[in-house]
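*Asks:* Below is final_31.txt; it holds compact mmCIF, C-alpha atoms (C1' of nucleotides).
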```txt
# COMPACT_ATOMS: atom_id res chain seq x y z
CA MET K 1 -20.65 -45.49 -38.12
CA THR K 2 -18.44 -46.17 -35.15
CA ASP K 3 -16.05 -49.07 -34.92
CA GLN K 4 -18.15 -50.72 -32.26
CA LYS K 5 -21.26 -50.49 -34.36
CA LEU K 6 -19.42 -51.96 -37.31
CA LEU K 7 -18.17 -54.77 -35.12
CA PHE K 8 -21.64 -55.48 -33.85
CA GLU K 9 -23.16 -55.38 -37.32
CA ASN K 10 -20.54 -57.85 -38.39
CA LEU K 11 -21.36 -60.21 -35.54
CA VAL K 12 -25.06 -60.00 -36.31
CA SER K 13 -24.32 -60.77 -39.95
CA GLU K 14 -22.50 -63.84 -38.87
CA LEU K 15 -25.34 -64.80 -36.56
CA ARG K 16 -27.92 -64.41 -39.28
CA ARG K 17 -25.83 -66.21 -41.80
CA GLY K 18 -26.65 -69.73 -40.79
CA SER K 19 -30.37 -69.23 -40.76
CA LEU K 20 -30.54 -67.69 -44.21
CA ILE K 21 -30.61 -70.97 -46.07
CA LEU K 22 -33.14 -72.46 -43.71
CA SER K 23 -35.49 -69.52 -44.03
CA VAL K 24 -35.25 -69.54 -47.81
CA LEU K 25 -35.97 -73.25 -47.91
CA ALA K 26 -38.91 -72.78 -45.56
CA LEU K 27 -40.52 -70.18 -47.80
CA LEU K 28 -39.87 -72.28 -50.87
CA ARG K 29 -42.37 -74.92 -49.84
CA GLN K 30 -44.53 -72.70 -51.98
CA PRO K 31 -43.31 -71.48 -55.36
CA GLN K 32 -41.69 -68.08 -55.05
CA TYR K 33 -39.59 -65.83 -57.21
CA GLY K 34 -36.56 -63.97 -56.00
CA TYR K 35 -38.15 -60.63 -55.39
CA SER K 36 -41.09 -62.13 -53.53
CA LEU K 37 -38.68 -64.05 -51.34
CA ILE K 38 -36.90 -60.87 -50.40
CA SER K 39 -40.10 -59.12 -49.40
CA GLY K 40 -41.51 -62.28 -47.85
CA LEU K 41 -38.48 -62.70 -45.62
CA GLU K 42 -38.48 -59.04 -44.77
CA ALA K 43 -42.06 -59.41 -43.57
CA PHE K 44 -40.72 -61.94 -41.10
CA GLY K 45 -37.97 -59.54 -40.04
CA ILE K 46 -35.27 -61.37 -41.95
CA ALA K 47 -33.16 -59.19 -44.22
CA ILE K 48 -31.43 -60.65 -47.23
CA GLU K 49 -29.60 -58.83 -50.00
CA ALA K 50 -30.53 -59.48 -53.60
CA GLY K 51 -26.88 -60.08 -54.29
CA THR K 52 -26.93 -62.77 -51.64
CA LEU K 53 -30.21 -64.38 -52.57
CA TYR K 54 -29.84 -64.91 -56.30
CA PRO K 55 -26.54 -66.71 -56.12
CA LEU K 56 -27.94 -68.72 -53.22
CA LEU K 57 -30.93 -69.82 -55.26
CA ARG K 58 -28.71 -70.90 -58.12
CA ARG K 59 -26.50 -72.78 -55.76
CA LEU K 60 -29.39 -74.59 -54.11
CA GLU K 61 -30.74 -75.52 -57.50
CA LYS K 62 -27.37 -76.77 -58.61
CA GLN K 63 -27.20 -78.86 -55.45
CA GLY K 64 -30.50 -80.42 -56.40
CA LEU K 65 -32.78 -79.01 -53.72
CA LEU K 66 -34.84 -76.73 -55.94
CA SER K 67 -36.25 -76.59 -59.39
CA SER K 68 -37.04 -73.40 -61.22
CA GLU K 69 -38.86 -72.16 -64.26
CA TRP K 70 -39.56 -68.88 -65.95
CA ALA K 71 -43.11 -67.55 -65.90
CA ILE K 72 -43.54 -65.19 -68.82
CA ASP K 73 -47.32 -64.96 -68.69
CA GLN K 74 -47.21 -62.25 -66.05
CA VAL K 75 -46.78 -58.49 -65.96
CA ARG K 76 -43.06 -59.17 -65.80
CA PRO K 77 -40.98 -62.23 -66.43
CA ARG K 78 -40.30 -63.98 -63.17
CA ARG K 79 -38.32 -67.03 -62.36
CA TYR K 80 -40.16 -69.24 -59.90
CA TYR K 81 -38.32 -71.57 -57.56
CA VAL K 82 -39.78 -74.38 -55.49
CA LEU K 83 -38.50 -77.22 -53.32
CA ASN K 84 -38.27 -80.62 -54.91
CA GLU K 85 -38.35 -83.88 -52.99
CA LEU K 86 -34.75 -83.69 -51.81
CA GLY K 87 -35.32 -80.09 -50.88
CA LYS K 88 -38.28 -81.02 -48.70
CA GLN K 89 -36.31 -83.71 -46.93
CA THR K 90 -33.43 -81.34 -46.41
CA LEU K 91 -35.77 -78.72 -44.99
CA THR K 92 -37.10 -81.26 -42.51
CA HIS K 93 -33.62 -82.31 -41.44
CA LEU K 94 -32.39 -78.76 -41.15
CA SER K 95 -35.45 -77.75 -39.15
CA ASP K 96 -34.79 -80.57 -36.70
CA GLU K 97 -31.19 -79.52 -36.39
CA TRP K 98 -32.32 -75.95 -35.85
CA GLN K 99 -34.68 -76.96 -33.03
CA ARG K 100 -31.92 -78.95 -31.44
CA MET K 101 -29.45 -76.08 -31.63
CA ASN K 102 -32.12 -73.83 -30.31
CA LYS K 103 -32.64 -75.74 -27.13
CA ALA K 104 -28.91 -75.86 -26.59
CA MET K 105 -28.58 -72.13 -27.14
CA ASP K 106 -31.44 -71.39 -24.79
CA GLN K 107 -29.82 -73.40 -22.06
CA LEU K 108 -26.49 -71.76 -22.72
CA ILE K 109 -27.85 -68.24 -22.71
CA GLN K 110 -30.23 -68.60 -19.82
CA ALA K 111 -28.02 -70.78 -17.68
CA PRO K 112 -26.85 -68.75 -14.71
CA SER K 113 -23.15 -68.13 -15.20
CA SER K 114 -22.42 -69.62 -11.81
CA GLU K 115 -23.43 -73.05 -12.99
CA GLN K 116 -20.88 -73.01 -15.75
CA GLY K 117 -17.26 -73.98 -15.69
CA GLY K 118 -16.00 -76.23 -13.03
CA MET U 1 -19.75 -90.58 -47.49
CA THR U 2 -22.34 -90.00 -50.20
CA ASP U 3 -22.76 -86.72 -52.02
CA GLN U 4 -26.06 -86.09 -50.34
CA LYS U 5 -24.62 -86.62 -46.93
CA LEU U 6 -21.78 -84.29 -47.73
CA LEU U 7 -24.24 -81.70 -48.93
CA PHE U 8 -26.29 -82.02 -45.80
CA GLU U 9 -23.26 -81.83 -43.54
CA ASN U 10 -22.27 -78.69 -45.35
CA LEU U 11 -25.67 -77.11 -44.83
CA VAL U 12 -25.61 -78.00 -41.16
CA SER U 13 -22.16 -76.45 -40.86
CA GLU U 14 -23.52 -73.28 -42.32
CA LEU U 15 -26.50 -73.41 -39.98
CA ARG U 16 -24.32 -73.89 -36.94
CA ARG U 17 -21.92 -71.24 -38.03
CA GLY U 18 -23.85 -68.23 -36.85
CA SER U 19 -24.44 -69.55 -33.37
CA LEU U 20 -20.82 -70.44 -32.69
CA ILE U 21 -19.78 -66.99 -31.60
CA LEU U 22 -22.87 -66.55 -29.47
CA SER U 23 -22.36 -69.84 -27.68
CA VAL U 24 -18.70 -69.09 -27.03
CA LEU U 25 -19.57 -65.67 -25.65
CA ALA U 26 -22.26 -67.20 -23.47
CA LEU U 27 -19.83 -69.66 -21.89
CA LEU U 28 -17.25 -66.94 -21.41
CA ARG U 29 -19.30 -65.16 -18.78
CA GLN U 30 -17.17 -67.39 -16.63
CA PRO U 31 -13.42 -67.69 -17.25
CA GLN U 32 -12.66 -70.64 -19.48
CA TYR U 33 -9.70 -71.93 -21.37
CA GLY U 34 -9.86 -73.25 -24.89
CA TYR U 35 -9.99 -76.90 -24.13
CA SER U 36 -12.67 -76.46 -21.47
CA LEU U 37 -14.75 -74.47 -23.94
CA ILE U 38 -14.60 -77.30 -26.42
CA SER U 39 -15.79 -79.86 -23.91
CA GLY U 40 -18.24 -77.43 -22.37
CA LEU U 41 -19.88 -76.75 -25.69
CA GLU U 42 -19.88 -80.41 -26.54
CA ALA U 43 -21.79 -81.08 -23.33
CA PHE U 44 -24.46 -78.78 -24.73
CA GLY U 45 -24.44 -80.65 -28.04
CA ILE U 46 -22.48 -77.96 -29.84
CA ALA U 47 -19.43 -79.16 -31.72
CA ILE U 48 -16.55 -76.86 -32.44
CA GLU U 49 -13.15 -77.69 -33.88
CA ALA U 50 -10.03 -76.63 -32.04
CA GLY U 51 -8.82 -75.10 -35.27
CA THR U 52 -11.97 -73.01 -35.32
CA LEU U 53 -12.05 -72.05 -31.69
CA TYR U 54 -8.55 -70.79 -31.09
CA PRO U 55 -8.49 -68.34 -33.97
CA LEU U 56 -11.98 -67.25 -32.94
CA LEU U 57 -10.83 -66.52 -29.40
CA ARG U 58 -7.92 -64.49 -30.68
CA ARG U 59 -10.18 -62.58 -32.99
CA LEU U 60 -12.69 -61.81 -30.27
CA GLU U 61 -9.90 -60.63 -28.03
CA LYS U 62 -8.47 -58.47 -30.78
CA GLN U 63 -11.92 -56.99 -31.28
CA GLY U 64 -11.97 -56.08 -27.63
CA LEU U 65 -14.66 -58.41 -26.32
CA LEU U 66 -12.43 -60.67 -24.26
CA SER U 67 -9.36 -60.51 -22.15
CA SER U 68 -7.06 -63.42 -21.55
CA GLU U 69 -4.22 -64.47 -19.36
CA TRP U 70 -2.01 -67.46 -18.87
CA ALA U 71 -2.43 -69.52 -15.74
CA ILE U 72 0.81 -71.35 -15.08
CA ASP U 73 0.04 -72.39 -11.54
CA GLN U 74 -1.88 -75.44 -12.69
CA VAL U 75 -1.09 -78.96 -13.78
CA ARG U 76 -0.66 -77.55 -17.25
CA PRO U 77 -0.35 -74.06 -18.56
CA ARG U 78 -3.75 -72.83 -19.66
CA ARG U 79 -4.82 -69.60 -21.19
CA TYR U 80 -7.99 -68.33 -19.61
CA TYR U 81 -10.39 -66.10 -21.50
CA VAL U 82 -13.27 -64.11 -20.06
CA LEU U 83 -15.74 -61.48 -21.28
CA ASN U 84 -14.92 -57.89 -20.49
CA GLU U 85 -17.51 -55.12 -20.29
CA LEU U 86 -17.90 -54.70 -24.04
CA GLY U 87 -18.12 -58.45 -24.38
CA LYS U 88 -20.96 -58.60 -21.88
CA GLN U 89 -22.87 -55.89 -23.69
CA THR U 90 -22.28 -57.63 -26.98
CA LEU U 91 -23.50 -60.90 -25.57
CA THR U 92 -26.70 -59.21 -24.42
CA HIS U 93 -27.29 -57.62 -27.80
CA LEU U 94 -26.53 -60.79 -29.69
CA SER U 95 -28.82 -62.79 -27.41
CA ASP U 96 -31.65 -60.38 -28.11
CA GLU U 97 -31.02 -60.64 -31.82
CA TRP U 98 -30.96 -64.39 -31.51
CA GLN U 99 -34.33 -64.46 -29.72
CA ARG U 100 -35.77 -62.22 -32.39
CA MET U 101 -34.49 -64.41 -35.21
CA ASN U 102 -35.74 -67.39 -33.35
CA LYS U 103 -39.31 -66.23 -33.27
CA ALA U 104 -39.14 -65.37 -36.94
CA MET U 105 -37.72 -68.79 -37.80
CA ASP U 106 -40.35 -70.55 -35.72
CA GLN U 107 -43.11 -68.76 -37.56
CA LEU U 108 -41.46 -69.47 -40.87
CA ILE U 109 -40.95 -73.14 -40.20
CA GLN U 110 -44.24 -73.84 -38.51
CA ALA U 111 -46.37 -71.64 -40.74
CA PRO U 112 -48.54 -73.88 -42.88
CA SER U 113 -47.25 -73.58 -46.45
CA SER U 114 -50.72 -72.61 -47.61
CA GLU U 115 -50.52 -69.30 -45.80
CA GLN U 116 -47.43 -68.29 -47.66
CA GLY U 117 -46.99 -66.60 -50.98
CA GLY U 118 -49.52 -64.49 -52.69
C1' DT I 1 6.98 -98.35 -23.64
C1' DT I 2 3.13 -97.04 -25.99
C1' DA I 3 -1.29 -94.90 -26.32
C1' DT I 4 -4.36 -91.60 -24.89
C1' DT I 5 -5.76 -87.33 -23.00
C1' DA I 6 -4.94 -82.49 -22.12
C1' DT I 7 -3.63 -78.21 -24.00
C1' DA I 8 -2.42 -74.72 -27.35
C1' DC I 9 -1.55 -73.13 -31.88
C1' DT I 10 -0.99 -72.20 -37.35
C1' DG I 11 -1.59 -72.23 -42.47
C1' DT I 12 -4.13 -72.92 -46.29
C1' DG I 13 -8.30 -73.72 -49.07
C1' DC I 14 -12.82 -73.30 -49.90
C1' DG I 15 -17.44 -71.55 -49.39
C1' DT I 16 -20.40 -67.84 -48.84
C1' DC I 17 -22.08 -63.27 -47.74
C1' DA I 18 -22.18 -58.37 -48.71
C1' DC I 19 -21.56 -54.57 -51.61
C1' DA I 20 -21.45 -52.36 -55.73
C1' DC I 21 -22.75 -52.48 -60.10
C1' DA I 22 -25.54 -53.41 -64.49
C1' DT I 23 -29.92 -54.08 -66.88
C1' DT I 24 -34.80 -53.69 -68.26
C1' DA I 25 -39.55 -52.24 -67.93
C1' DA I 26 -43.82 -50.99 -65.55
C1' DT I 27 -45.78 -47.63 -62.79
C1' DA I 28 -46.11 -43.28 -60.30
C1' DT I 29 -45.11 -38.30 -59.95
C1' DC I 30 -44.39 -33.85 -61.56
C1' DG N 1 -43.71 -35.95 -71.72
C1' DA N 2 -39.82 -36.22 -68.54
C1' DT N 3 -38.23 -38.07 -64.22
C1' DA N 4 -38.26 -41.02 -60.30
C1' DT N 5 -39.46 -45.03 -58.13
C1' DT N 6 -40.54 -49.75 -57.87
C1' DA N 7 -40.31 -54.45 -59.71
C1' DA N 8 -37.38 -57.84 -61.18
C1' DT N 9 -33.01 -60.46 -62.23
C1' DG N 10 -28.70 -60.91 -62.38
C1' DT N 11 -22.82 -60.66 -62.03
C1' DG N 12 -18.05 -59.91 -60.07
C1' DT N 13 -15.08 -59.09 -56.66
C1' DG N 14 -13.32 -58.75 -51.88
C1' DA N 15 -13.16 -60.01 -47.44
C1' DC N 16 -14.09 -62.96 -43.86
C1' DG N 17 -14.34 -67.07 -41.27
C1' DC N 18 -14.91 -72.11 -40.74
C1' DA N 19 -12.93 -76.65 -41.30
C1' DC N 20 -9.22 -79.61 -41.96
C1' DA N 21 -4.89 -81.14 -41.44
C1' DG N 22 -1.19 -80.43 -39.46
C1' DT N 23 2.65 -79.21 -35.30
C1' DA N 24 4.09 -79.38 -30.60
C1' DT N 25 4.49 -80.68 -25.64
C1' DA N 26 3.62 -83.08 -21.45
C1' DA N 27 0.84 -85.58 -18.11
C1' DT N 28 -1.43 -89.66 -17.34
C1' DA N 29 -3.06 -94.47 -18.30
C1' DA N 30 -2.31 -99.20 -20.20
```
Show me this structure written as C-alpha cells.
*Replies:*
Amino acid sequence: MTDQKLLFENLVSELRRGSLILSVLALLRQPQYGYSLISGLEAFGIAIEAGTLYPLLRRLEKQGLLSSEWAIDQVRPRRYYVLNELGKQTLTHLSDEWQRMNKAMDQLIQAPSSEQGG
Amino acid sequence: MTDQKLLFENLVSELRRGSLILSVLALLRQPQYGYSLISGLEAFGIAIEAGTLYPLLRRLEKQGLLSSEWAIDQVRPRRYYVLNELGKQTLTHLSDEWQRMNKAMDQLIQAPSSEQGG
DNA sequence: TTATTATACTGTGCGTCACACATTAATATC
DNA sequence: GATATTAATGTGTGACGCACAGTATAATAA
C-alpha cells in the first residue's frame, strides 16, 4: 500500500471513530451479542474490528450504559448486551448531537468556498 | 460536574472527534489562519481547542495536505494555511465517506428497533 | 493601568482504536 | 476421518490524537 493510501485510510479511521459508539448504542436498543453486532454493523456498511468492539462493550457496561448476560441455552454460549435506561437516554442525546453536527458539516462541505473567510 | 455529565461530555468529544479534520479541511479551501479557523468553526457550531487545532494543522501540513506561510504585512503576524492539490482530493474523498457514513447512521438511528436483530 | 482580545505554540496525560494473537467448538469440505 | 472455515469471545500492546493547562507577545479597550 502506498503512503498516500495509508494516510487516507488513517484519516477515514479517524472519521469513523466518533460514530462507532453511536452506531453500537443504536443497535443495542435490541439485545445483541458481539458477533451479531459486527455483522449487523457491517450490513449497514460500518466496519468494526472484534478487537475494538469487545473492549468497547465492556467499557460501556462499566460506564453504566449497558447490561449484559450470558445465554448458554443456544448452539453456542453468547453474551448478550442491551441498553439500560441511562443507555437509552445517552443514545437520544448523542443522536441529537449527531444531527446537529451533521447539519453543520453539510453547510461546511457544501458552502461555496467563496463565501468562507472574510 | 456530575459523573454522568462528565461521561456524556466524553462521549460527545469522541463523537466530534472524527469530524474535526473534515471540518478543518473544508474551511481550508480558502486560506485561513489558526485563530480565524477557530472562530469560523465556532460560527458553524463546531468547537475546537487551540491546543487541538495547531498541532492538527502542523500534522496535516507534514502529511502533505496543506501548505502554509507567514503573513507579516498585517496588524499581527498570522500564519495562513490552505489546501494544496492532495488536500483538495483528500477533502473530496473524506466528504464522500462522510456522506456514506451519514446515510448508514441515519438508517441505524431511525430504524425502528423492532426491525433489528434476528 | 489593567483587562481583554488576537494570535501562535508546546508538553504531557489519558482514552481509544487497530492489529495481532489466543481460545474453543460447530459446521462444512475433501 | 482429517482439514478448513465459520461462529464466538476475548486480551495485550503500540501508536495516535484530543484536551487541558500552560507560555508568550502585542494590539486594543476600559
*Asks:* Which residues, written as a PyMOL selection string, have at least one atom at most 8 Å from range 2-19 of chain I, with only C-alpha atoms (C1' of nucleotides) counted and residues fewer than 3 positions away on the same chain left out?
*Replies:* (chain K and resi 17+49+51-52) or (chain U and resi 34-35+54+76-78) or (chain N and resi 27-30)
*Asks:* Near chain N, which residues of chain U fall within 12 Å when you count all atoms listed in the file, and what do they look like as a PDB file with C-alpha atoms, keeping the file's coordinate frame?
*Replies:*
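Once written, out-v8.pdb looks like this:
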```
ATOM      1  CA  GLU U   9     -23.260 -81.830 -43.540  1.00  0.00           C
ATOM      2  CA  ASN U  10     -22.270 -78.690 -45.350  1.00  0.00           C
ATOM      3  CA  SER U  13     -22.160 -76.450 -40.860  1.00  0.00           C
ATOM      4  CA  GLU U  14     -23.520 -73.280 -42.320  1.00  0.00           C
ATOM      5  CA  LEU U  15     -26.500 -73.410 -39.980  1.00  0.00           C
ATOM      6  CA  ARG U  16     -24.320 -73.890 -36.940  1.00  0.00           C
ATOM      7  CA  ARG U  17     -21.920 -71.240 -38.030  1.00  0.00           C
ATOM      8  CA  GLY U  18     -23.850 -68.230 -36.850  1.00  0.00           C
ATOM      9  CA  LEU U  20     -20.820 -70.440 -32.690  1.00  0.00           C
ATOM     10  CA  ILE U  21     -19.780 -66.990 -31.600  1.00  0.00           C
ATOM     11  CA  ALA U  47     -19.430 -79.160 -31.720  1.00  0.00           C
ATOM     12  CA  ILE U  48     -16.550 -76.860 -32.440  1.00  0.00           C
ATOM     13  CA  GLU U  49     -13.150 -77.690 -33.880  1.00  0.00           C
ATOM     14  CA  ALA U  50     -10.030 -76.630 -32.040  1.00  0.00           C
ATOM     15  CA  GLY U  51      -8.820 -75.100 -35.270  1.00  0.00           C
ATOM     16  CA  THR U  52     -11.970 -73.010 -35.320  1.00  0.00           C
ATOM     17  CA  LEU U  53     -12.050 -72.050 -31.690  1.00  0.00           C
ATOM     18  CA  TYR U  54      -8.550 -70.790 -31.090  1.00  0.00           C
ATOM     19  CA  PRO U  55      -8.490 -68.340 -33.970  1.00  0.00           C
ATOM     20  CA  LEU U  56     -11.980 -67.250 -32.940  1.00  0.00           C
ATOM     21  CA  ARG U  59     -10.180 -62.580 -32.990  1.00  0.00           C
ATOM     22  CA  GLN U  74      -1.880 -75.440 -12.690  1.00  0.00           C
ATOM     23  CA  VAL U  75      -1.090 -78.960 -13.780  1.00  0.00           C
ATOM     24  CA  ARG U  76      -0.660 -77.550 -17.250  1.00  0.00           C
ATOM     25  CA  PRO U  77      -0.350 -74.060 -18.560  1.00  0.00           C
TER      26      PRO U  77
END
```
*Asks:* To one decimal place, how far is CA of Leu65 in chain U from CA of Glu97 in chain K in Å?
*Replies:*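 One can read the CA of Leu65 in chain U to CA of Glu97 in chain K distance as 28.6 Å.
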*Asks:* Between CA of Ser67 in chain K and CA of Val24 in chain K, what is the distance, to one decimal in Å?
*Replies:*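 Calculated distance between CA of Ser67 in chain K and CA of Val24 in chain K is 13.6 Å.
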*Asks:* Fit chain K to chain U, all Cα atoms paired in order, least squares. Then write it as an mmCIF file with C-alpha atoms, in the frame of the given file.
*Replies:*
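File superposed-v2.cif, as written:
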```
data_model
loop_
_atom_site.group_PDB
_atom_site.id
_atom_site.type_symbol
_atom_site.label_atom_id
_atom_site.label_comp_id
_atom_site.auth_asym_id
_atom_site.auth_seq_id
_atom_site.Cartn_x
_atom_site.Cartn_y
_atom_site.Cartn_z
ATOM 1 C CA MET K 1 -19.812 -90.613 -47.556
ATOM 2 C CA THR K 2 -22.379 -89.999 -50.239
ATOM 3 C CA ASP K 3 -22.786 -86.729 -52.060
ATOM 4 C CA GLN K 4 -26.098 -86.088 -50.377
ATOM 5 C CA LYS K 5 -24.634 -86.626 -46.956
ATOM 6 C CA LEU K 6 -21.788 -84.282 -47.766
ATOM 7 C CA LEU K 7 -24.267 -81.701 -48.969
ATOM 8 C CA PHE K 8 -26.302 -82.018 -45.820
ATOM 9 C CA GLU K 9 -23.253 -81.834 -43.577
ATOM 10 C CA ASN K 10 -22.278 -78.693 -45.392
ATOM 11 C CA LEU K 11 -25.684 -77.121 -44.850
ATOM 12 C CA VAL K 12 -25.609 -78.008 -41.171
ATOM 13 C CA SER K 13 -22.158 -76.457 -40.894
ATOM 14 C CA GLU K 14 -23.524 -73.302 -42.337
ATOM 15 C CA LEU K 15 -26.489 -73.425 -39.988
ATOM 16 C CA ARG K 16 -24.296 -73.888 -36.958
ATOM 17 C CA ARG K 17 -21.887 -71.249 -38.048
ATOM 18 C CA GLY K 18 -23.791 -68.237 -36.871
ATOM 19 C CA SER K 19 -24.420 -69.549 -33.411
ATOM 20 C CA LEU K 20 -20.812 -70.448 -32.720
ATOM 21 C CA ILE K 21 -19.776 -66.988 -31.635
ATOM 22 C CA LEU K 22 -22.847 -66.543 -29.500
ATOM 23 C CA SER K 23 -22.338 -69.827 -27.703
ATOM 24 C CA VAL K 24 -18.682 -69.081 -27.049
ATOM 25 C CA LEU K 25 -19.549 -65.667 -25.675
ATOM 26 C CA ALA K 26 -22.253 -67.190 -23.496
ATOM 27 C CA LEU K 27 -19.842 -69.641 -21.899
ATOM 28 C CA LEU K 28 -17.249 -66.936 -21.431
ATOM 29 C CA ARG K 29 -19.299 -65.145 -18.810
ATOM 30 C CA GLN K 30 -17.173 -67.372 -16.643
ATOM 31 C CA PRO K 31 -13.437 -67.668 -17.240
ATOM 32 C CA GLN K 32 -12.668 -70.622 -19.468
ATOM 33 C CA TYR K 33 -9.702 -71.927 -21.375
ATOM 34 C CA GLY K 34 -9.866 -73.252 -24.885
ATOM 35 C CA TYR K 35 -10.011 -76.915 -24.103
ATOM 36 C CA SER K 36 -12.685 -76.463 -21.458
ATOM 37 C CA LEU K 37 -14.744 -74.477 -23.929
ATOM 38 C CA ILE K 38 -14.596 -77.297 -26.417
ATOM 39 C CA SER K 39 -15.776 -79.864 -23.903
ATOM 40 C CA GLY K 40 -18.229 -77.425 -22.352
ATOM 41 C CA LEU K 41 -19.875 -76.746 -25.692
ATOM 42 C CA GLU K 42 -19.874 -80.405 -26.544
ATOM 43 C CA ALA K 43 -21.789 -81.061 -23.334
ATOM 44 C CA PHE K 44 -24.456 -78.778 -24.739
ATOM 45 C CA GLY K 45 -24.410 -80.655 -28.043
ATOM 46 C CA ILE K 46 -22.474 -77.961 -29.853
ATOM 47 C CA ALA K 47 -19.416 -79.176 -31.731
ATOM 48 C CA ILE K 48 -16.531 -76.856 -32.423
ATOM 49 C CA GLU K 49 -13.129 -77.700 -33.853
ATOM 50 C CA ALA K 50 -10.009 -76.642 -32.010
ATOM 51 C CA GLY K 51 -8.785 -75.132 -35.232
ATOM 52 C CA THR K 52 -11.925 -73.037 -35.320
ATOM 53 C CA LEU K 53 -12.021 -72.058 -31.681
ATOM 54 C CA TYR K 54 -8.502 -70.803 -31.072
ATOM 55 C CA PRO K 55 -8.443 -68.375 -33.947
ATOM 56 C CA LEU K 56 -11.929 -67.277 -32.925
ATOM 57 C CA LEU K 57 -10.795 -66.524 -29.395
ATOM 58 C CA ARG K 58 -7.876 -64.485 -30.659
ATOM 59 C CA ARG K 59 -10.127 -62.612 -32.985
ATOM 60 C CA LEU K 60 -12.660 -61.814 -30.284
ATOM 61 C CA GLU K 61 -9.884 -60.619 -28.038
ATOM 62 C CA LYS K 62 -8.455 -58.473 -30.778
ATOM 63 C CA GLN K 63 -11.908 -56.995 -31.303
ATOM 64 C CA GLY K 64 -11.978 -56.065 -27.648
ATOM 65 C CA LEU K 65 -14.663 -58.401 -26.344
ATOM 66 C CA LEU K 66 -12.428 -60.649 -24.265
ATOM 67 C CA SER K 67 -9.368 -60.482 -22.139
ATOM 68 C CA SER K 68 -7.061 -63.389 -21.528
ATOM 69 C CA GLU K 69 -4.228 -64.441 -19.301
ATOM 70 C CA TRP K 70 -2.017 -67.439 -18.824
ATOM 71 C CA ALA K 71 -2.449 -69.513 -15.680
ATOM 72 C CA ILE K 72 0.785 -71.350 -15.010
ATOM 73 C CA ASP K 73 -0.011 -72.434 -11.468
ATOM 74 C CA GLN K 74 -1.912 -75.478 -12.671
ATOM 75 C CA VAL K 75 -1.081 -79.002 -13.775
ATOM 76 C CA ARG K 76 -0.673 -77.552 -17.247
ATOM 77 C CA PRO K 77 -0.353 -74.044 -18.542
ATOM 78 C CA ARG K 78 -3.728 -72.796 -19.639
ATOM 79 C CA ARG K 79 -4.801 -69.577 -21.176
ATOM 80 C CA TYR K 80 -7.996 -68.306 -19.595
ATOM 81 C CA TYR K 81 -10.399 -66.080 -21.482
ATOM 82 C CA VAL K 82 -13.281 -64.080 -20.067
ATOM 83 C CA LEU K 83 -15.742 -61.460 -21.289
ATOM 84 C CA ASN K 84 -14.933 -57.866 -20.531
ATOM 85 C CA GLU K 85 -17.508 -55.102 -20.320
ATOM 86 C CA LEU K 86 -17.905 -54.693 -24.070
ATOM 87 C CA GLY K 87 -18.104 -58.437 -24.384
ATOM 88 C CA LYS K 88 -20.961 -58.592 -21.896
ATOM 89 C CA GLN K 89 -22.874 -55.891 -23.711
ATOM 90 C CA THR K 90 -22.294 -57.615 -27.008
ATOM 91 C CA LEU K 91 -23.517 -60.899 -25.570
ATOM 92 C CA THR K 92 -26.707 -59.202 -24.422
ATOM 93 C CA HIS K 93 -27.297 -57.613 -27.811
ATOM 94 C CA LEU K 94 -26.551 -60.794 -29.688
ATOM 95 C CA SER K 95 -28.824 -62.799 -27.408
ATOM 96 C CA ASP K 96 -31.666 -60.385 -28.106
ATOM 97 C CA GLU K 97 -31.041 -60.647 -31.807
ATOM 98 C CA TRP K 98 -30.980 -64.416 -31.490
ATOM 99 C CA GLN K 99 -34.352 -64.475 -29.710
ATOM 100 C CA ARG K 100 -35.786 -62.237 -32.363
ATOM 101 C CA MET K 101 -34.495 -64.405 -35.193
ATOM 102 C CA ASN K 102 -35.768 -67.391 -33.349
ATOM 103 C CA LYS K 103 -39.332 -66.242 -33.251
ATOM 104 C CA ALA K 104 -39.161 -65.394 -36.921
ATOM 105 C CA MET K 105 -37.744 -68.798 -37.775
ATOM 106 C CA ASP K 106 -40.373 -70.562 -35.720
ATOM 107 C CA GLN K 107 -43.120 -68.762 -37.545
ATOM 108 C CA LEU K 108 -41.487 -69.475 -40.868
ATOM 109 C CA ILE K 109 -40.975 -73.154 -40.198
ATOM 110 C CA GLN K 110 -44.274 -73.853 -38.532
ATOM 111 C CA ALA K 111 -46.381 -71.653 -40.753
ATOM 112 C CA PRO K 112 -48.546 -73.868 -42.925
ATOM 113 C CA SER K 113 -47.232 -73.552 -46.459
ATOM 114 C CA SER K 114 -50.664 -72.566 -47.680
ATOM 115 C CA GLU K 115 -50.491 -69.292 -45.828
ATOM 116 C CA GLN K 116 -47.356 -68.272 -47.630
ATOM 117 C CA GLY K 117 -46.936 -66.548 -50.932
ATOM 118 C CA GLY K 118 -49.738 -64.585 -52.354
#
```
*Asks:* What is the CA of Ile72 in chain U-CA of Arg29 in chain U distance in Å, reported with one decimal?
*Replies:*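 Interatomic distance here is 21.4 Å.
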*Asks:* U:Gly64, U:Asn102, U:Thr2, U:Ile109: which is nearest Leu28 in chain K, counting all atoms listed in the file?
*Replies:*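 Result for the nearest residue to Leu28 in chain K: U:Ile109.
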*Asks:* Compare U:Leu57, U:Ala26, U:Met1, U:Leu108 by their minimum atom-to-atom distance to chain I, counting all atoms listed in the file, and give me the closest one.
*Replies:*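 Answer, going by the shortest atom-to-atom distance: U:Leu57.
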*Asks:* Report, as AutoDock Vina command-line options, the axis-aligned box around all atoms of range 15-28 of chain I present in the file, extended by 8 Å on each side; give centre and edge lengths in Å to one decimal place.
*Replies:*
```
--center_x -31.8 --center_y -57.4 --center_z -58.0 --size_x 44.7 --size_y 44.3 --size_z 36.5
```
*Asks:* Using all atoms listed in the file, which residue out of U:Ala104, U:Glu85, U:Lys62, U:Gln4 lies closest to chain K?
*Replies:*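 Closest to chain K, using all atoms listed in the file: U:Ala104.
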*Asks:* Go through K:Asn84, K:Gln30, K:Ser68, K:Gln89 and flag the residue nearest chain U, using all atoms listed in the file for the distances.
*Replies:* K:Gln30
*Asks:* Using all atoms listed in the file, give me every residue within 12 Å of (-41.2, -68.7, -34.0) in file coordinates, as a ChimeraX atom specification.
*Replies:* /K:23,44-45,95,98-99,102 /U:98-111
*Asks:* Give the answer as one residue: which of K:Glu42, K:Asp73, K:Leu66, K:Leu94 has the shortest atom-to-atom distance to chain U, using only C-alpha atoms?
*Replies:* K:Leu94
